[in-house]
Every structure is written in structure tokens, then in C-alpha cells.
file input_30.cif (mmCIF, C-alpha atoms and all ligand atoms)
data_query
loop_
_atom_site.label_atom_id
_atom_site.label_comp_id
_atom_site.auth_asym_id
_atom_site.auth_seq_id
_atom_site.Cartn_x
_atom_site.Cartn_y
_atom_site.Cartn_z
CA MET A 1 26.67 18.39 20.41
CA LYS A 2 30.00 20.00 19.46
CA PRO A 3 28.67 23.16 17.80
CA ILE A 4 26.40 23.92 20.77
CA LEU A 5 29.16 23.44 23.35
CA GLY A 6 31.39 25.57 21.14
CA LEU A 7 29.17 28.57 21.89
CA PHE A 8 30.72 29.05 25.28
CA GLY A 9 33.80 26.80 25.33
CA ARG A 10 34.64 23.92 27.66
CA SER A 11 36.17 26.01 30.47
CA GLN A 12 33.11 28.25 30.75
CA PHE A 13 30.76 25.26 31.15
CA ASN A 14 31.03 25.35 34.95
CA SER A 15 30.06 22.57 37.37
CA GLY A 16 26.81 24.27 38.49
CA TRP A 17 25.43 24.33 34.99
CA ARG A 18 26.64 20.78 34.44
CA ALA A 19 24.78 19.55 37.53
CA ALA A 20 21.58 21.32 36.47
CA PHE A 21 21.92 19.89 32.98
CA VAL A 22 22.40 16.31 34.19
CA ALA A 23 19.53 16.60 36.70
CA LEU A 24 17.13 17.86 34.03
CA ALA A 25 18.24 15.21 31.57
CA LEU A 26 17.59 12.47 34.13
CA LEU A 27 14.22 13.98 35.02
CA SER A 28 13.11 14.09 31.40
CA LEU A 29 14.19 10.48 30.85
CA ALA A 30 12.18 9.42 33.91
CA VAL A 31 9.11 11.26 32.62
CA SER A 32 9.46 9.66 29.20
CA SER A 33 9.78 6.09 30.49
CA ALA A 34 6.68 6.54 32.65
CA ASN A 35 4.47 7.14 29.62
CA ALA A 36 6.48 4.98 27.25
CA GLN A 37 3.85 2.32 26.77
CA ASP A 38 0.39 1.63 27.96
CA VAL A 39 0.63 -2.15 28.37
CA GLN A 40 3.39 -2.98 30.84
CA LEU A 41 4.97 -6.23 29.67
CA SER A 42 7.62 -8.46 31.20
CA ALA A 43 10.75 -9.11 29.15
CA GLU A 44 9.47 -12.58 28.32
CA GLN A 45 6.07 -11.26 27.20
CA LYS A 46 7.77 -8.61 25.10
CA GLN A 47 9.84 -11.25 23.35
CA LYS A 48 6.77 -13.43 22.75
CA MET A 49 4.81 -10.50 21.33
CA LYS A 50 7.63 -9.58 18.95
CA ALA A 51 7.90 -13.16 17.66
CA PHE A 52 4.11 -13.38 17.41
CA ALA A 53 3.92 -10.11 15.46
CA ALA A 54 6.61 -11.25 13.01
CA ASN A 55 4.91 -14.60 12.54
CA THR A 56 1.50 -13.03 11.92
CA ARG A 57 2.93 -10.52 9.49
CA SER A 58 4.59 -13.16 7.35
CA GLY A 59 1.53 -15.46 7.51
CA THR A 60 -0.81 -12.65 6.53
CA GLU A 61 1.42 -11.44 3.74
CA SER A 62 1.76 -14.87 2.17
CA GLN A 63 -2.03 -15.35 2.17
CA ARG A 64 -2.55 -11.89 0.70
CA ASP A 65 -0.03 -12.69 -2.03
CA ALA A 66 -1.87 -15.94 -2.75
CA LEU A 67 -5.15 -14.02 -2.94
CA LYS A 68 -3.67 -11.39 -5.22
CA SER A 69 -2.19 -13.92 -7.64
CA ALA A 70 -5.47 -15.89 -7.74
CA ARG A 71 -7.39 -12.65 -8.43
CA GLU A 72 -4.95 -11.84 -11.24
CA GLU A 73 -5.38 -15.32 -12.68
CA LEU A 74 -9.17 -14.92 -12.63
CA GLY A 75 -8.81 -11.47 -14.22
CA ALA A 76 -6.76 -13.06 -17.01
CA VAL A 77 -9.51 -15.65 -17.57
CA TYR A 78 -12.11 -12.86 -17.72
CA SER A 79 -10.12 -10.95 -20.32
CA SER A 80 -11.10 -13.27 -23.15
CA TYR A 81 -14.54 -13.62 -24.68
CA LYS A 82 -14.56 -17.39 -24.46
CA LEU A 83 -14.56 -18.30 -20.82
CA ASP A 84 -12.19 -21.05 -19.74
CA GLU A 85 -14.48 -22.48 -17.06
CA ALA A 86 -11.98 -25.01 -15.71
CA ARG A 87 -9.28 -22.34 -15.26
CA ALA A 88 -11.81 -19.95 -13.70
CA SER A 89 -12.99 -22.59 -11.29
CA LYS A 90 -9.42 -23.31 -10.12
CA ALA A 91 -8.76 -19.59 -9.55
CA ILE A 92 -12.08 -19.21 -7.69
CA ASP A 93 -11.13 -22.12 -5.42
CA ARG A 94 -7.76 -20.53 -4.67
CA ILE A 95 -9.46 -17.22 -3.87
CA GLY A 96 -11.86 -18.94 -1.49
CA LYS A 97 -9.07 -20.77 0.31
CA ALA A 98 -6.98 -17.62 0.77
CA GLN A 99 -10.01 -15.67 2.05
CA GLN A 100 -10.71 -18.41 4.57
CA GLN A 101 -7.07 -18.57 5.66
CA LEU A 102 -7.03 -14.83 6.26
CA LEU A 103 -10.12 -15.04 8.47
CA GLY A 104 -8.45 -17.96 10.29
CA VAL A 105 -5.22 -15.99 10.83
CA HIS A 106 -7.19 -13.39 12.72
CA LEU A 107 -8.94 -15.96 14.92
CA SER A 108 -5.67 -17.69 15.82
CA ASN A 109 -4.18 -14.27 16.64
CA GLN A 110 -7.03 -13.72 19.04
CA VAL A 111 -6.48 -17.08 20.72
CA LYS A 112 -2.71 -16.60 20.88
CA ILE A 113 -2.77 -13.07 22.31
CA ARG A 114 -4.92 -14.28 25.20
CA GLN A 115 -2.22 -16.87 25.95
CA ILE A 116 0.43 -14.16 26.22
CA LEU A 117 -1.37 -11.30 27.98
CA THR A 118 -3.18 -11.21 31.31
CA LYS A 119 -6.79 -10.05 31.38
CA ASP A 120 -5.83 -6.51 32.46
CA GLN A 121 -3.09 -6.27 29.84
CA PHE A 122 -5.51 -7.57 27.22
CA ASN A 123 -8.10 -4.95 28.14
CA THR A 124 -5.51 -2.19 27.79
CA PHE A 125 -4.40 -3.65 24.46
CA GLN A 126 -8.03 -3.71 23.36
CA GLN A 127 -8.40 -0.04 24.27
CA MET A 128 -5.34 0.75 22.17
CA MET A 129 -6.86 -1.23 19.29
CA SER A 130 -10.19 0.54 19.39
CA LYS A 131 -8.51 3.94 19.75
CA LYS A 132 -6.55 3.25 16.60
CA MET A 133 -9.36 1.59 14.69
CA HIS A 134 -12.19 3.92 15.50
CA GLY A 135 -10.06 7.05 15.85
CA PRO A 136 -12.02 10.03 14.52
CA GLY A 137 -14.97 7.86 13.53
CA PRO A 138 -14.47 6.69 9.97
CA GLU A 139 -17.50 5.19 8.27
CA ARG A 140 -16.93 1.69 6.93
CA ALA A 141 -18.24 0.60 3.56
CA PHE A 142 -17.91 -2.99 2.51
CA PHE A 143 -17.03 -3.30 -1.05
CA ARG A 144 -15.84 -5.53 -3.85
CA GLU A 145 -13.32 -3.80 -6.01
CA ASP A 146 -12.43 -6.27 -8.72
CA GLU A 147 -15.46 -5.69 -10.96
CA ALA A 148 -15.89 -1.97 -10.54
CA PHE A 149 -13.70 -0.85 -13.43
CA GLU A 150 -15.43 -3.27 -15.74
CA LEU A 151 -18.92 -2.16 -14.79
CA GLY A 152 -17.86 1.48 -15.14
CA ALA A 153 -16.46 0.79 -18.60
CA ILE A 154 -19.73 -0.70 -19.87
CA TRP A 155 -21.62 2.44 -18.95
CA ARG A 156 -19.03 4.79 -20.28
CA ILE A 157 -19.06 3.29 -23.77
CA LYS A 158 -22.57 1.92 -23.96
CA ASP A 159 -23.44 4.38 -26.75
CA SER A 160 -20.46 3.44 -28.90
CA LEU A 161 -21.18 -0.25 -28.28
CA LYS A 162 -24.47 0.38 -30.15
CA LEU A 163 -26.47 -1.83 -27.85
CA THR A 164 -29.90 -2.87 -29.09
CA PRO A 165 -32.76 -1.88 -26.74
CA ASP A 166 -32.93 -5.49 -25.58
CA GLN A 167 -29.18 -5.60 -24.90
CA GLU A 168 -29.35 -2.30 -23.00
CA LYS A 169 -32.13 -3.65 -20.82
CA ARG A 170 -30.19 -6.82 -20.03
CA VAL A 171 -26.93 -4.92 -19.35
CA ALA A 172 -28.82 -2.63 -16.96
CA ALA A 173 -30.11 -5.68 -15.10
CA VAL A 174 -26.55 -6.97 -14.70
CA LEU A 175 -25.32 -3.62 -13.40
CA ARG A 176 -28.29 -2.83 -11.16
CA PRO A 177 -27.10 -1.33 -7.87
CA GLY A 178 -27.70 -3.58 -4.94
CA ASN A 179 -27.12 -6.84 -6.80
CA ASN A 180 -24.62 -7.74 -4.09
CA MET A 181 -26.30 -5.69 -1.38
CA LYS A 182 -27.61 -8.56 0.73
CA ASN A 183 -24.29 -10.40 0.87
CA MET A 184 -22.47 -7.16 1.65
CA GLN A 185 -24.82 -6.27 4.47
CA ASP A 186 -24.69 -9.78 5.92
CA MET A 187 -20.91 -9.71 5.79
CA LYS A 188 -20.77 -6.32 7.45
CA ARG A 189 -23.08 -7.46 10.25
CA ALA A 190 -21.16 -10.72 10.85
CA THR A 191 -17.83 -8.85 10.86
CA GLU A 192 -19.12 -6.40 13.45
CA GLN A 193 -20.37 -9.26 15.63
CA LEU A 194 -17.02 -11.00 15.26
CA ASN A 195 -15.19 -7.88 16.36
CA GLN A 196 -17.52 -7.66 19.32
CA LEU A 197 -16.53 -11.21 20.34
CA TYR A 198 -12.85 -10.43 19.85
CA SER A 199 -13.05 -7.47 22.20
CA SER A 200 -13.77 -9.67 25.23
CA PHE A 201 -10.99 -11.55 27.05
CA ASN A 202 -13.19 -14.63 27.45
CA LEU A 203 -13.31 -15.57 23.80
CA ASP A 204 -16.20 -17.70 22.59
CA ALA A 205 -14.19 -19.50 19.91
CA ALA A 206 -17.11 -21.63 18.73
CA ALA A 207 -19.26 -18.55 18.11
CA ALA A 208 -16.32 -16.90 16.35
CA ARG A 209 -15.88 -19.91 14.06
CA LYS A 210 -19.57 -19.80 13.21
CA LEU A 211 -19.38 -16.11 12.27
CA ILE A 212 -16.26 -16.77 10.19
CA GLY A 213 -18.25 -19.46 8.38
CA ASP A 214 -21.04 -16.93 7.71
CA ILE A 215 -18.60 -14.31 6.41
CA HIS A 216 -16.91 -16.83 4.18
CA ARG A 217 -20.22 -18.01 2.75
CA ASP A 218 -20.91 -14.41 1.73
CA GLN A 219 -17.44 -14.14 0.20
CA LEU A 220 -18.03 -17.29 -1.84
CA ALA A 221 -21.45 -16.02 -2.94
CA LEU A 222 -19.91 -12.72 -4.08
CA THR A 223 -17.27 -14.50 -6.16
CA ARG A 224 -19.90 -16.82 -7.63
CA ASN A 225 -22.20 -13.87 -8.45
CA ALA A 226 -19.32 -12.11 -10.14
CA HIS A 227 -18.62 -15.21 -12.20
CA SER A 228 -22.21 -15.56 -13.29
CA ARG A 229 -22.20 -11.87 -14.27
CA GLN A 230 -19.20 -12.59 -16.47
CA GLN A 231 -21.16 -15.38 -18.13
CA THR A 232 -24.20 -13.14 -18.56
CA ILE A 233 -22.20 -10.27 -20.06
CA ARG A 234 -20.86 -12.68 -22.67
CA SER A 235 -24.34 -13.92 -23.41
CA ILE A 236 -25.50 -10.33 -24.03
CA LEU A 237 -22.56 -8.82 -25.94
CA THR A 238 -21.20 -9.92 -29.28
CA GLN A 239 -17.50 -10.75 -29.51
CA ASP A 240 -16.79 -7.36 -31.18
CA GLN A 241 -18.67 -5.47 -28.49
CA PHE A 242 -16.77 -7.41 -25.85
CA ALA A 243 -13.44 -6.56 -27.54
CA ALA A 244 -14.38 -2.85 -27.52
CA LEU A 245 -15.25 -3.14 -23.84
CA ARG A 246 -11.84 -4.69 -23.05
CA GLN A 247 -10.14 -1.81 -24.88
CA GLU A 248 -12.05 0.70 -22.76
CA ILE A 249 -11.15 -1.14 -19.53
CA ILE A 250 -7.44 -1.19 -20.44
CA LYS A 251 -7.56 2.51 -21.34
CA ARG A 252 -9.39 3.38 -18.12
CA MET A 253 -7.01 1.40 -15.92
CA GLY A 254 -4.07 3.17 -17.59
CA GLU A 255 -5.62 6.59 -16.89
CA ARG A 256 -6.24 5.62 -13.28
CA ARG A 257 -2.68 4.41 -12.80
CA GLU A 258 -1.36 7.73 -14.12
CA HIS A 259 -3.47 9.65 -11.64
CA ARG A 260 -2.70 7.34 -8.76
CA ARG A 261 -0.87 9.04 -5.95
CA PRO A 262 -1.21 8.52 -2.21
CA SER A 263 -3.53 11.21 -0.92
CA PRO A 264 -2.52 12.64 2.46
CA GLU A 265 -5.77 11.78 4.20
CA LEU A 266 -5.70 8.09 3.36
CA MET D 1 -36.46 1.37 -21.38
CA LYS D 2 -35.30 4.41 -19.49
CA VAL D 3 -32.56 3.19 -17.21
CA LYS D 4 -31.49 6.52 -15.76
CA VAL D 5 -33.59 8.20 -13.15
CA ALA D 6 -33.39 11.85 -12.24
CA LEU D 7 -31.38 12.55 -15.38
CA MET D 8 -31.02 16.24 -14.58
CA LYS D 9 -29.41 15.43 -11.27
CA CYS D 10 -26.63 13.14 -12.52
CA GLU D 11 -24.56 16.09 -13.72
CA SER D 12 -24.60 17.61 -10.27
CA ILE D 13 -24.09 14.28 -8.52
CA GLN D 14 -21.15 12.85 -10.45
CA PRO D 15 -18.54 15.54 -9.74
CA ASN D 16 -19.08 14.92 -6.01
CA LEU D 17 -18.77 11.15 -6.06
CA LEU D 18 -15.04 11.10 -5.29
CA ASP D 19 -15.53 13.31 -2.22
CA TYR D 20 -18.54 11.23 -1.23
CA SER D 21 -16.50 8.02 -1.49
CA LYS D 22 -13.99 9.55 0.93
CA GLY D 23 -16.75 10.69 3.27
CA LEU D 24 -15.87 14.34 2.87
CA LEU D 25 -19.37 15.68 2.20
CA SER D 26 -21.90 17.04 4.66
CA ARG D 27 -24.59 14.75 6.01
CA SER D 28 -27.32 16.21 3.80
CA GLU D 29 -25.16 16.06 0.66
CA SER D 30 -24.20 12.47 1.50
CA GLU D 31 -27.81 11.46 1.99
CA GLU D 32 -28.80 13.02 -1.31
CA ILE D 33 -26.07 11.10 -3.11
CA ARG D 34 -26.82 7.86 -1.27
CA ALA D 35 -30.49 8.06 -2.26
CA HIS D 36 -29.62 8.91 -5.86
CA THR D 37 -27.09 6.09 -6.30
CA LYS D 38 -29.63 3.60 -5.01
CA LYS D 39 -31.80 4.35 -8.02
CA CYS D 40 -29.38 5.52 -10.71
CA VAL D 41 -27.31 2.77 -12.30
CA GLU D 42 -24.85 5.13 -13.96
CA CYS D 43 -23.96 7.08 -10.82
CA ALA D 44 -23.82 3.87 -8.77
CA VAL D 45 -21.36 2.38 -11.25
CA ILE D 46 -19.18 5.50 -11.20
CA LEU D 47 -19.32 5.52 -7.40
CA GLU D 48 -18.14 1.89 -7.34
CA GLU D 49 -15.20 2.90 -9.51
CA GLU D 50 -14.30 5.74 -7.15
CA MET D 51 -14.50 3.38 -4.20
CA ALA D 52 -12.32 0.83 -5.97
CA PHE D 53 -9.80 3.60 -6.49
CA ALA D 54 -9.99 4.64 -2.83
CA CYS D 55 -9.51 0.97 -1.90
CA LYS D 56 -6.35 0.74 -3.97
CA LEU D 57 -5.03 3.97 -2.48
CA ALA D 58 -5.73 2.74 1.03
CA ALA D 59 -3.67 -0.37 0.28
CA ILE D 60 -0.56 1.77 -0.32
CA PRO D 61 1.45 1.65 2.93
CA GLU D 62 1.63 4.89 4.84
CA GLU D 63 5.07 6.45 5.13
CA LYS D 64 6.10 6.44 8.76
CA PRO D 65 7.63 9.67 10.04
CA VAL D 66 11.24 9.20 11.11
CA ASN D 67 11.85 9.52 14.84
CA ASP D 68 14.69 11.95 14.25
CA VAL D 69 15.77 13.89 17.33
CA TRP D 70 18.07 16.14 15.30
CA ALA D 71 15.15 17.23 13.18
CA LEU D 72 13.44 18.24 16.44
CA VAL D 73 16.57 20.06 17.58
CA ARG D 74 16.75 21.89 14.28
CA VAL D 75 13.09 22.88 14.53
CA LYS D 76 13.48 24.07 18.12
CA THR D 77 16.67 26.03 17.57
CA LYS D 78 16.58 27.26 13.99
CA PRO D 79 15.80 30.98 13.73
CA ARG D 80 12.92 31.55 11.37
CA GLY D 81 12.18 34.56 9.20
CA LEU D 82 13.06 37.54 11.40
CA TYR D 83 16.81 38.07 11.94
CA LEU D 84 17.47 38.39 15.65
CA GLY D 85 21.29 38.39 15.49
CA PHE D 86 21.47 41.97 16.77
CA VAL D 87 19.56 40.95 19.92
CA TRP D 88 21.99 38.05 20.40
CA ASN D 89 24.95 40.38 20.07
CA ALA D 90 23.44 42.97 22.42
CA VAL D 91 22.87 40.63 25.37
CA GLY D 92 25.62 39.65 27.74
CA ILE D 93 27.55 36.38 27.80
CA ARG D 94 25.51 35.09 30.82
CA ALA D 95 22.23 35.59 29.00
CA ARG D 96 23.64 33.92 25.92
CA ARG D 97 24.69 30.97 28.02
CA LEU D 98 21.21 30.73 29.51
CA VAL D 99 19.60 30.72 26.08
CA ALA D 100 22.09 28.15 24.75
CA ILE D 101 21.58 25.85 27.73
CA GLY D 102 17.81 26.28 27.44
CA ALA D 103 18.02 25.11 23.84
CA VAL D 104 20.14 22.11 24.84
CA LEU D 105 17.62 21.20 27.56
CA ILE D 106 14.71 21.48 25.15
CA ALA D 107 16.60 19.17 22.80
CA VAL D 108 17.31 16.70 25.61
CA VAL D 109 13.67 16.70 26.73
CA ALA D 110 12.53 16.30 23.12
CA PHE D 111 14.99 13.43 22.70
CA ALA D 112 13.89 11.72 25.91
CA CYS D 113 10.22 12.09 25.03
CA SER D 114 10.75 10.68 21.56
CA PHE D 115 12.89 7.84 22.88
CA ASN D 116 10.36 5.21 23.88
CA GLN D 117 7.13 6.71 22.75
CA PRO D 118 5.23 5.32 19.79
CA VAL D 119 5.28 7.48 16.71
CA PRO D 120 2.06 9.53 16.71
CA GLU D 121 -0.62 8.04 14.51
CA PRO D 122 -1.55 9.87 11.34
CA THR D 123 -5.13 10.84 12.08
CA ARG D 124 -7.89 10.47 9.55
CA PRO D 125 -10.05 13.50 8.89
CA GLN D 126 -13.48 13.34 10.47
CA GLY D 127 -15.98 11.46 8.37
CA THR D 128 -13.46 9.69 6.15
CA LEU D 129 -14.94 6.62 4.55
CA VAL D 130 -12.95 3.46 5.13
CA VAL D 131 -13.47 1.11 2.24
CA VAL D 132 -13.24 -2.51 3.32
CA ALA D 133 -12.48 -5.03 0.61
CA SER D 134 -14.67 -8.09 1.02
CA ASP D 135 -11.73 -10.39 0.22
CA ASP D 136 -10.11 -9.57 3.58
CA PRO D 137 -12.75 -7.89 5.77
CA LEU D 138 -10.59 -8.07 8.90
CA ALA D 139 -7.49 -6.67 7.20
CA ARG D 140 -7.50 -3.49 9.20
CA GLN D 141 -7.92 -5.31 12.50
CA THR D 142 -5.07 -7.70 11.68
CA ASP D 143 -2.77 -4.88 10.56
CA THR D 144 -3.59 -2.73 13.58
CA MET D 145 -2.89 -5.64 15.91
CA ILE D 146 0.48 -6.39 14.29
CA ASP D 147 1.32 -2.71 14.34
CA ILE D 148 0.64 -2.35 18.08
CA MET D 149 2.51 -5.57 18.91
CA GLU D 150 5.54 -4.46 16.93
CA ARG D 151 5.68 -1.18 18.83
CA MET D 152 5.63 -2.84 22.26
ZN ZN A 301 -27.28 9.56 -11.68
#

call {"tool": "encode", "arguments": {"input": "input_30.cif", "output": "C-alpha cells", "more": "lines below"}}
Ligand SMILES: [Zn+2]
result
Amino acid sequence: MKPILGLFGRSQFNSGWRAAFVALALLSLAVSSANAQDVQLSAEQKQKMKAFAANTRSGTESQRDALKSAREELGAVYSSYKLDEARASKAIDRIGKAQQQLLGVHLSNQVKIRQILTKDQFNTFQQMMSKKMHGPGPERAFFREDEAFELGAIWRIKDSLKLTPDQEKRVAAVLRPGNNMKNMQDMKRATEQLNQLYSSFNLDAAAARKLIGDIHRDQLALTRNAHSRQQTIRSILTQDQFAALRQEIIKRMGERREHRRPSPEL
Amino acid sequence: MKVKVALMKCESIQPNLLDYSKGLLSRSESEEIRAHTKKCVECAVILEEEMAFACKLAAIPEEKPVNDVWALVRVKTKPRGLYLGFVWNAVGIRARRLVAIGAVLIAVVAFACSFNQPVPEPTRPQGTLVVVASDDPLARQTDTMIDIMERM
């Protein structure tokens, strides 16, 4: 504040100006606290929400870490031509458990928040959620990312792999768009229904658990399909072709990492 | 066996797949690409790659703008471009005081308004595609919920 006051000096800052200044400052503070937050919480509720948020964050992060490390483990299994089925199966189990835990975290959040907030507060919270989530109407696409680079690599080098016509036909069948379509669509539908349930204060927990079960069944099916595709690819390609494919994937991932930068709109 | 369909089209489709995966194309362009990728393995595979990339980008945490009142003060008071010093010198001491106090009040109001208010959300451009990883389909809901609770 010093440089600004220095413009006119202390003695020139007369009491009239000071009074006007203080009045306006108080007025602006009053205005700001009126629109400070949309859900008015008691001190106790505020404290509970903070603790709840911290708890959820750490729980979610630890499950996401577990999921990531299991995905990496499975990726390592899939990097060699000879599949270690026992190791793959362990990683697939870990993935399934972490997926299920993450769905469960969200359900217990929904139960817990209804124990902290009143119905009116919950409805306001829900409005804030949907404003943030559905902002300027993004379209949602459900998607499995872990195989995409691999599938892309097969197409990119399919000429240099010198596939026989029979191999090409079988590879095309593995890559056919829509192989996972039904599971994806089912999962999208169940997730939307689940969100619908979560938007109402009177939560039907049994129905929510059923939908979570449906979503998780689709998740398991997707992981299983991916595994059987890995088996099929090995039954189509020779070991040398597979090695060339791995090289292309590593090269492609490296290129992608170099180009990776957060884009402003994401 | 001919795997590719509409071979001629792939060259015009593929350069647009990144924009399509971010939902930045017009409705008619999007529909054309959607229909094509349903039939063409190659473009569908490249699209999946672009979406995987978008998914990874979306996982990078957004940088939150700092709630810095002095940055606001600087923006409100800093003269930009045109030098107006001669105007400042020409006006009397009372007018200068008025301007200075006005600036202080703007700063105070800006400070008060930024005090308790949540940081404005970065808005997504219209039509942006949100890619949802099937491993954690409720990730966005969970994160949004935590985010709102932390700001309360
Ligand atoms: Zn095509």
C-alpha cells in the first residue's frame, strides 16, 4: 500500500476521504461474503466436508495408483511373445479389484454426503455438480486406452510385416471397429443411470449397487477381450513379426511423449 | 481381402481425426467421420490412438490460476501502451487524489470479491469431446465432487 499512499502523503489523506474509503471497503466485503458460496454450511458441516474431501482424495488416489501399477504389470506381460498366463491373470485380478473399489468409493461418497448435508443443501450441491460437469455441453465417449497404441502400430507397419493374405484377414478381424462396442455402450448407459440415481437426495442404494455390478461386469469383459486379443495376435504373427511390432510401438510411444503437452482446451 | 473401404476418403479423413476426437468439427463433418470410422478399420484404429492421446492429456492436472490480488491491482492500475503522463501532470492535485483513491477502491473491491469466491472454472470450448476411460468411468464425478467440497 505504501507506494499508493505516497502519491499524496499522510497529512493530505484527510478524514473525509478516510471515512469514504473505509465505508466502501466494508461495503465491498459485505457484497463479497453474500455471494461467497452457494451452499451455506455450519462450521461443523464445513469441517466434516473438509475431512470427507481429504479422505476421498487419498482413497481415490491410492486405488488409481493400484490400477496404474496393475496396468503397467499387464503391459509388461504383453511385451513378450510368450505370454505368462499366470502373471497376466494376477494383474487382471488386481485391475478388476481396483476398478471395483473405485466404483465403490463413489457410492460411499454419495451415502456419506447425504449424512452431512440437508436435502436443500444437497440439491444446491447437486446443481453445482451438474453446472461443472455439463458446463458447455461436452460429448462423452467411453473408451479403453491401453490397447490403442498397439492396434495403431499393427496397421502402420502391416506392409513391412509382410503379412500373408490369411494373416491380414485375421489381423483385420482382431482390429475390427466395434469389437468392444456392446460393452462400451452398456457401460455408458449404466453409468448414466447411476448418475441419475446419484442426483436424487433419496438414494436407492440397492439399485446403485446393481448398476455398479453391471458396469463392473462390462469392465471385466473388456479386460478379458483384450487378453484374448493378445492371445490371438500371437497366434497370427510369427515371433519376428511380433518383435517388429514391439519396436514400432516403442517408437510410436516415444514420438507421442515428445509431442505431449497440455493443450489449453483440455 | 480388401479391408479398407472408401479408400479415396481416408486421406481426407485422417488429418481431421485429432480435431474430431476433441469434438472440434462441425456436426456434418463429425457425422461423416463417424460413419467412415464405423466401416474403415485403419481410420478407426488411428482415431482410437488419437482418443488415447486425448485421454492421457486430460489426465494431466489443470494448473489453477493463483488468486493474487496484487496481480489484479497491477492489471487495474498499470498504464498500457499510450503514455498519459502529460495528462497526469496537467490535472490538479485534487483530481490526482480522486484518481489515486479510485484506483485504491477498485483494488479493495477486487480484493474483497476475490477473497471468498471460488476460482472461476476453466471453461471447455463448446463441443469438446470428453474421453472417459472405462477403468474409472466415474472419475470425473468423483474429482468434481472432491473439488467442490474442498472449496467449501
Ligand atoms: Zn479410412

call {"tool": "closest_residue", "arguments": {"input": "input_30.cif", "among": "D:Glu48, D:Glu42, D:Asp19, D:Asp136", "to": "Glu61 (chain A)", "atoms": "all atoms listed in the file"}}
result
D:Asp136

call {"tool": "residues_near_ligand", "arguments": {"input": "input_30.cif", "ligand": "ligand ZN 301 (chain A)", "cutoff": "6 Å", "atoms": "only C-alpha atoms and all ligand atoms", "output": "PyMOL selection string"}}
result
chain D and resi 10+40+42-43

call {"tool": "residues_around", "arguments": {"input": "input_30.cif", "residues": "Met128 (chain A)", "least_positions_apart": "4", "cutoff": "8 Å", "atoms": "all atoms listed in the file", "output": "PyMOL selection string"}}
result
(chain A and resi 124+132) or (chain D and resi 148)

call {"tool": "atom_distance", "arguments": {"input": "input_30.cif", "atom1": "CA of Lys97 (chain A)", "atom2": "CA of Ala139 (chain D)"}}
result
15.8 Å

call {"tool": "atom_distance", "arguments": {"input": "input_30.cif", "atom1": "CA of Pro165 (chain A)", "atom2": "CA of Ala44 (chain D)"}}
result
20.9 Å

call {"tool": "atom_distance", "arguments": {"input": "input_30.cif", "atom1": "CA of Arg140 (chain D)", "atom2": "CA of Ser89 (chain A)"}}
result
28.5 Å
